[in-house]
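For reference, the structure discussed in these notes is given below.
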Amino acid sequence: MSKQIKGNHKHLTQDDRIYIEKSLDLKMPFREIAKYLMKDPTTISKEVRLHRRLKPRNPFNQENNCTRRIKCSLKNVCGTGECGQMLCKGCPMCNERCVEFEAIRCVITDKAPYVCNGCTKKSNCRMEKHYYKASHAHTEYEHLRSSSREGINLTEAEIVHIDDFVSPLIQKGQSIAHVYAGHKDDIPFTSKTLYNYVNHGVLSVRNLDLPRKVKYKPRKKHKEATKRDRKSLVGREYSDFTKLMQECPDTDVVEMDTVEGTKGGKAILTLFFRSSKFMLAFLTKDKTMNSVLKVFEYLESELGTDLFRSTFPLILTDNGSEFLDPLLLENGNGNVRRTSIFYCEPYASYQKGMLEKNHEYIRYILPKGSSFDSLSQKDISFMLSHINSTARTSINCRTPFELASLLVDERVIRAAGIQRIEHDNVCLRPSLFRK
């Protein structure tokens with residue numbers, strides 16, 4: 001029969017339940033009810049058994065409800081002897097105290113239809129009764145549907161297992177996206193659920209252990225800057241950059257900026273490849289034009305002018321004082337053009353927002369206000385190896401190092417001293433330099 005019913009594979013509605021209740025009152029079989037609702041008969045059977053409501057016996061009904069009551073000859077079951085020679089089957093407490101008590105069972109409630117809705121003897125019946133009521137059944141269904149989506153859908157053993165390998169990785173400074181990318185087969189839910197479990201304290205790590213789980217400071221509002229008259233910026237403004245990108249959309253763009261330590265101390269020059277999210281970083285003596293120029297000269301000497309030009313065809317930077325001589329950066333001390341420099345608008349760092357966002361990884365390891373004076377270029381390269389080995393959801397849970405190995409010449413990666421770090425060994429905490 002069930003194969004002949006073309007089901008709609010939907011949950012029962014309140015109207016469906018009302019129809020079931022009325023049909024049970026009319027003593028209709030489950031097959032007929034299921035046929036009308038286009039369901040399998042077992043669906044109706046399960047619905048009735050799951051949501052039927054017990055109506056206890058009337059507490060004022062003192063009749064004996066034992067199957068042995070007619071032939072029973074037991075006396076003094078309670079052991080008090082107060083009843084004398086009176087048979088226990090006449091005592092109102094017999095059913096509660098007799099160890100041989102066996103309740104009378106109704107054949108209607110023990111098998112289909114499982115309820116007393118259509119029974120003609122229910123008004124005089126001394127047994128417990130079960131009824132199916134549509135309003136009660138639908139209320140229970142709604143509660144079950146919402147409560148089943150709440151809480152933790154894991155056993156205690158599963159929570160302990162996941163916590164044992166997830167928490168140590170997060171405490172290293174790894175993001176949840178990075179952890180999930182390396183352990184998809186071990187984590188039986190999505191990365192979003194993992195965020196929720198951390199947020200609700202299911203694991204031993206807390207929100208404070210997550211590098212991005214902090215409140216961002218509100219953006220500072222700046223007055224519209226007056227445009228400075230600098231002839232060197234003609235043809236290199238952001239509008240020129242956007243126009244060029246419209247004409248040549250496949251041009252590789254490298255974003256450039258500096259990260260400052262303590263005022264007047266060492267700084268870090270960063271170069272960020274938009275296509276792969278791969279970042280280079282070089283320690284400079286100070287935050288000046290000469291220091292930036294030395295990095296350019298170093299890279300050109302290591303790569304050669306042709307590879308330098310193909311690797312950094314277009315560089316977008318801000319209006320910092322260390323970048324205000326574009327001719328020197330573009331040509332060096334020779335007459336051969338090695339790159340093209342463009343500038344963001346004043347107070348518009350969002351125009352190179354990918355690099356600004358990537359600087360957060362540096363600040364996880366070197367918090368704002370830290371001095372870079374005790375660091376060496378080897379330390380910076382080691383730090384960038386960990387940053388570039390961190391998986392990102394924006395590139396399908398791959399690492400910038402993986403993409404750079406396909407898109408960036410290996411001589412560039414070698415010149416920056418960057419190496420691949422094993423997935424579970426990535427550390428984005430200040431402790432990276434204390435090992």
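The chains in the structure tokens are called A, B, ... from first to last as shown; in each chain the residues are counted from 1, and the ligands are counted from 1 in the order shown.
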- Do a neighbour search on Ser310 of chain A at 10 Å with only C-alpha atoms, toss out local chain neighbours closer than 5 positions, and write the hits as a PyMOL selection string. chain A and resi 251-252+305+338-339+408-409
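Running DSSP on the backbone and keeping only strand (DSSP E or B), the residues of segment 107-336 of chain A that qualify are Lys129, His130, Tyr131, Val253, Val254, Glu255, Met256, Asp257, Thr258, Val259, Glu260, Ala267, Ile268, Leu269, Thr270, Leu271, Phe272, Phe273, Phe278, Met279, Leu280, Ala281, Phe282, Leu283, Thr284, Leu314, Ile315, Leu316 and Thr317 of chain A.
Residues lying within 8 Å of Pro400 of chain A, counting only C-alpha atoms and ignoring same-chain neighbours fewer than 2 positions away, are Ser276, Lys277, Phe278, Asn388, Ser389, Thr390, Ala391, Arg392, Arg398, Glu402, Leu403 and Ala404 of chain A.
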- Could you give me, as a PyMOL selection string, each residue of segment 312-389 of chain A that DSSP assigns to alpha helix (DSSP H) when run on this structure's backbone? chain A and resi 326-331+353-365+377-387
Cut-off 7 Å: closest segment 295-383 of chain A/segment 237-246 of chain A atom pairs per residue, using only C-alpha atoms, as a tab-separated table:
residue	atom	partner	partner_atom	distance
A:Phe342	CA	A:Glu237	CA	5.8
A:Tyr343	CA	A:Glu237	CA	5.2
A:Cys344	CA	A:Tyr238	CA	5.1
A:Glu345	CA	A:Tyr238	CA	6.2
- Item | Nearby residues (only C-alpha atoms) at most 8 Å from Glu322 of chain A, same-chain spacing under 3 positions excluded, as a list in words | Lys287, Thr288, Met289, Asn290, Val292 and Asp325 of chain A
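Every protein, DNA or RNA residue with an atom at most 9 Å from segment 194-203 of chain A, where only C-alpha atoms count and chain neighbours fewer than 3 positions away do not, is listed here: Ile152, Ile159, Val160, Ile162, Asp163, Val166, Ser167, Ile176, Tyr180, Ile187, Phe189, Thr190, Ser191, Arg206 and Asn207 of chain A.
When only C-alpha atoms are used to compute distances to Pro113 of chain A, the closest of the residues A:Arg49, A:Arg363, A:Arg97, A:Lys357 turns out to be A:Arg49.
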- Excluding same-chain residues fewer than 6 positions from Asn64 of chain A, what lies within 9 Å of it counting only C-alpha atoms, as number ranges by chain? A: 89-95, 126
Next, dump the selected residues to file, keeping only N, CA and C atoms, as a PDB file, in the first residue's frame.
ATOM      1  N   LYS A  89      -9.042  -7.844  47.760  1.00  0.00           N
ATOM      2  CA  LYS A  89      -9.552  -7.315  46.497  1.00  0.00           C
ATOM      3  C   LYS A  89     -10.656  -6.284  46.706  1.00  0.00           C
ATOM      4  N   GLY A  90     -11.202  -6.223  47.901  1.00  0.00           N
ATOM      5  CA  GLY A  90     -12.222  -5.209  48.209  1.00  0.00           C
ATOM      6  C   GLY A  90     -11.651  -3.951  48.799  1.00  0.00           C
ATOM      7  N   CYS A  91     -10.323  -3.919  49.031  1.00  0.00           N
ATOM      8  CA  CYS A  91      -9.679  -2.740  49.638  1.00  0.00           C
ATOM      9  C   CYS A  91      -9.299  -1.736  48.545  1.00  0.00           C
ATOM     10  N   PRO A  92      -9.537  -0.434  48.769  1.00  0.00           N
ATOM     11  CA  PRO A  92      -9.173   0.578  47.748  1.00  0.00           C
ATOM     12  C   PRO A  92      -7.670   0.707  47.521  1.00  0.00           C
ATOM     13  N   MET A  93      -6.837   0.192  48.456  1.00  0.00           N
ATOM     14  CA  MET A  93      -5.388   0.284  48.321  1.00  0.00           C
ATOM     15  C   MET A  93      -4.768  -0.975  47.722  1.00  0.00           C
ATOM     16  N   CYS A  94      -5.611  -1.928  47.324  1.00  0.00           N
ATOM     17  CA  CYS A  94      -5.123  -3.223  46.830  1.00  0.00           C
ATOM     18  C   CYS A  94      -4.186  -3.071  45.640  1.00  0.00           C
ATOM     19  N   ASN A  95      -4.592  -2.289  44.655  1.00  0.00           N
ATOM     20  CA  ASN A  95      -3.796  -2.168  43.425  1.00  0.00           C
ATOM     21  C   ASN A  95      -2.421  -1.570  43.681  1.00  0.00           C
ATOM     22  N   ARG A 126     -13.142   1.729  33.080  1.00  0.00           N
ATOM     23  CA  ARG A 126     -12.412   1.968  34.328  1.00  0.00           C
ATOM     24  C   ARG A 126     -10.900   2.052  34.113  1.00  0.00           C
TER      25      ARG A 126
END
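Coordinates place atom CA of Ala34 of chain A at a distance of 26.0 Å from atom CA of Lys55 of chain A.
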- Query: Which of these residues is nearest to Tyr361 of chain A, using only C-alpha atoms: A:Leu406, A:Val426, A:Ile395, A:Ala415?
  - Reply: A:Val426
- Tell me, in Å to one decimal, how far atom CA of Asp306 of chain A is from atom CA of Arg411 of chain A. 12.6 Å
- Message: Need to verify the contact set: Cys72 of chain A, 12 Å, only C-alpha atoms, exclusion of same-chain residues closer than 2 positions in sequence. Can you return it as a VMD selection string?
- Response: chain A and resid 64 66 to 70 74 to 75 77 86 to 90 94 98 100 to 102
With N, CA and C atoms kept, could you save the residues just selected as a PDB file, in the first residue's frame?
ATOM      1  N   ASN A  64     -11.452  -1.995  41.732  1.00  0.00           N
ATOM      2  CA  ASN A  64     -10.222  -2.760  41.535  1.00  0.00           C
ATOM      3  C   ASN A  64      -9.961  -2.919  40.035  1.00  0.00           C
ATOM      4  N   CYS A  66      -7.453  -4.866  38.673  1.00  0.00           N
ATOM      5  CA  CYS A  66      -6.539  -5.996  38.497  1.00  0.00           C
ATOM      6  C   CYS A  66      -7.223  -7.098  37.692  1.00  0.00           C
ATOM      7  N   THR A  67      -6.465  -7.750  36.832  1.00  0.00           N
ATOM      8  CA  THR A  67      -7.013  -8.841  36.018  1.00  0.00           C
ATOM      9  C   THR A  67      -7.379 -10.062  36.866  1.00  0.00           C
ATOM     10  N   ARG A  68      -6.822 -10.140  38.108  1.00  0.00           N
ATOM     11  CA  ARG A  68      -7.067 -11.322  38.963  1.00  0.00           C
ATOM     12  C   ARG A  68      -8.152 -11.054  40.001  1.00  0.00           C
ATOM     13  N   ARG A  69      -8.815  -9.922  39.905  1.00  0.00           N
ATOM     14  CA  ARG A  69      -9.704  -9.491  40.978  1.00  0.00           C
ATOM     15  C   ARG A  69     -10.882 -10.454  41.238  1.00  0.00           C
ATOM     16  N   ILE A  70     -11.327 -11.164  40.215  1.00  0.00           N
ATOM     17  CA  ILE A  70     -12.512 -12.021  40.383  1.00  0.00           C
ATOM     18  C   ILE A  70     -12.177 -13.264  41.208  1.00  0.00           C
ATOM     19  N   LEU A  74      -6.431 -13.405  48.194  1.00  0.00           N
ATOM     20  CA  LEU A  74      -5.380 -12.920  49.093  1.00  0.00           C
ATOM     21  C   LEU A  74      -5.966 -12.104  50.232  1.00  0.00           C
ATOM     22  N   LYS A  75      -5.314 -12.261  51.434  1.00  0.00           N
ATOM     23  CA  LYS A  75      -5.712 -11.500  52.612  1.00  0.00           C
ATOM     24  C   LYS A  75      -4.477 -10.868  53.247  1.00  0.00           C
ATOM     25  N   VAL A  77      -2.509  -8.349  52.656  1.00  0.00           N
ATOM     26  CA  VAL A  77      -1.354  -8.059  51.796  1.00  0.00           C
ATOM     27  C   VAL A  77      -0.481  -6.961  52.398  1.00  0.00           C
ATOM     28  N   MET A  86     -11.057  -9.996  55.952  1.00  0.00           N
ATOM     29  CA  MET A  86     -11.571  -9.379  54.714  1.00  0.00           C
ATOM     30  C   MET A  86     -10.594  -9.627  53.565  1.00  0.00           C
ATOM     31  N   LEU A  87     -11.149  -9.959  52.377  1.00  0.00           N
ATOM     32  CA  LEU A  87     -10.300 -10.175  51.194  1.00  0.00           C
ATOM     33  C   LEU A  87      -9.719  -8.833  50.716  1.00  0.00           C
ATOM     34  N   CYS A  88      -8.471  -8.877  50.268  1.00  0.00           N
ATOM     35  CA  CYS A  88      -7.781  -7.631  49.843  1.00  0.00           C
ATOM     36  C   CYS A  88      -8.380  -7.039  48.577  1.00  0.00           C
ATOM     37  N   LYS A  89      -9.042  -7.844  47.760  1.00  0.00           N
ATOM     38  CA  LYS A  89      -9.552  -7.315  46.497  1.00  0.00           C
ATOM     39  C   LYS A  89     -10.656  -6.284  46.706  1.00  0.00           C
ATOM     40  N   GLY A  90     -11.202  -6.223  47.901  1.00  0.00           N
ATOM     41  CA  GLY A  90     -12.222  -5.209  48.209  1.00  0.00           C
ATOM     42  C   GLY A  90     -11.651  -3.951  48.799  1.00  0.00           C
ATOM     43  N   CYS A  94      -5.611  -1.928  47.324  1.00  0.00           N
ATOM     44  CA  CYS A  94      -5.123  -3.223  46.830  1.00  0.00           C
ATOM     45  C   CYS A  94      -4.186  -3.071  45.640  1.00  0.00           C
ATOM     46  N   CYS A  98      -0.336  -4.577  46.363  1.00  0.00           N
ATOM     47  CA  CYS A  98      -0.198  -5.997  46.038  1.00  0.00           C
ATOM     48  C   CYS A  98       0.909  -6.210  45.010  1.00  0.00           C
ATOM     49  N   GLU A 100       1.336  -8.823  43.304  1.00  0.00           N
ATOM     50  CA  GLU A 100       0.824  -9.623  42.210  1.00  0.00           C
ATOM     51  C   GLU A 100      -0.143  -8.837  41.328  1.00  0.00           C
ATOM     52  N   PHE A 101      -0.243  -7.532  41.592  1.00  0.00           N
ATOM     53  CA  PHE A 101      -1.179  -6.714  40.819  1.00  0.00           C
ATOM     54  C   PHE A 101      -0.779  -6.690  39.343  1.00  0.00           C
ATOM     55  N   GLU A 102      -1.756  -6.905  38.486  1.00  0.00           N
ATOM     56  CA  GLU A 102      -1.551  -6.858  37.033  1.00  0.00           C
ATOM     57  C   GLU A 102      -2.706  -6.058  36.435  1.00  0.00           C
TER      58      GLU A 102
END
- Message: What's the separation between atom CA of Ile44 of chain A and atom CA of Ser123 of chain A, in Å to one decimal place?
- Response: 25.5 Å
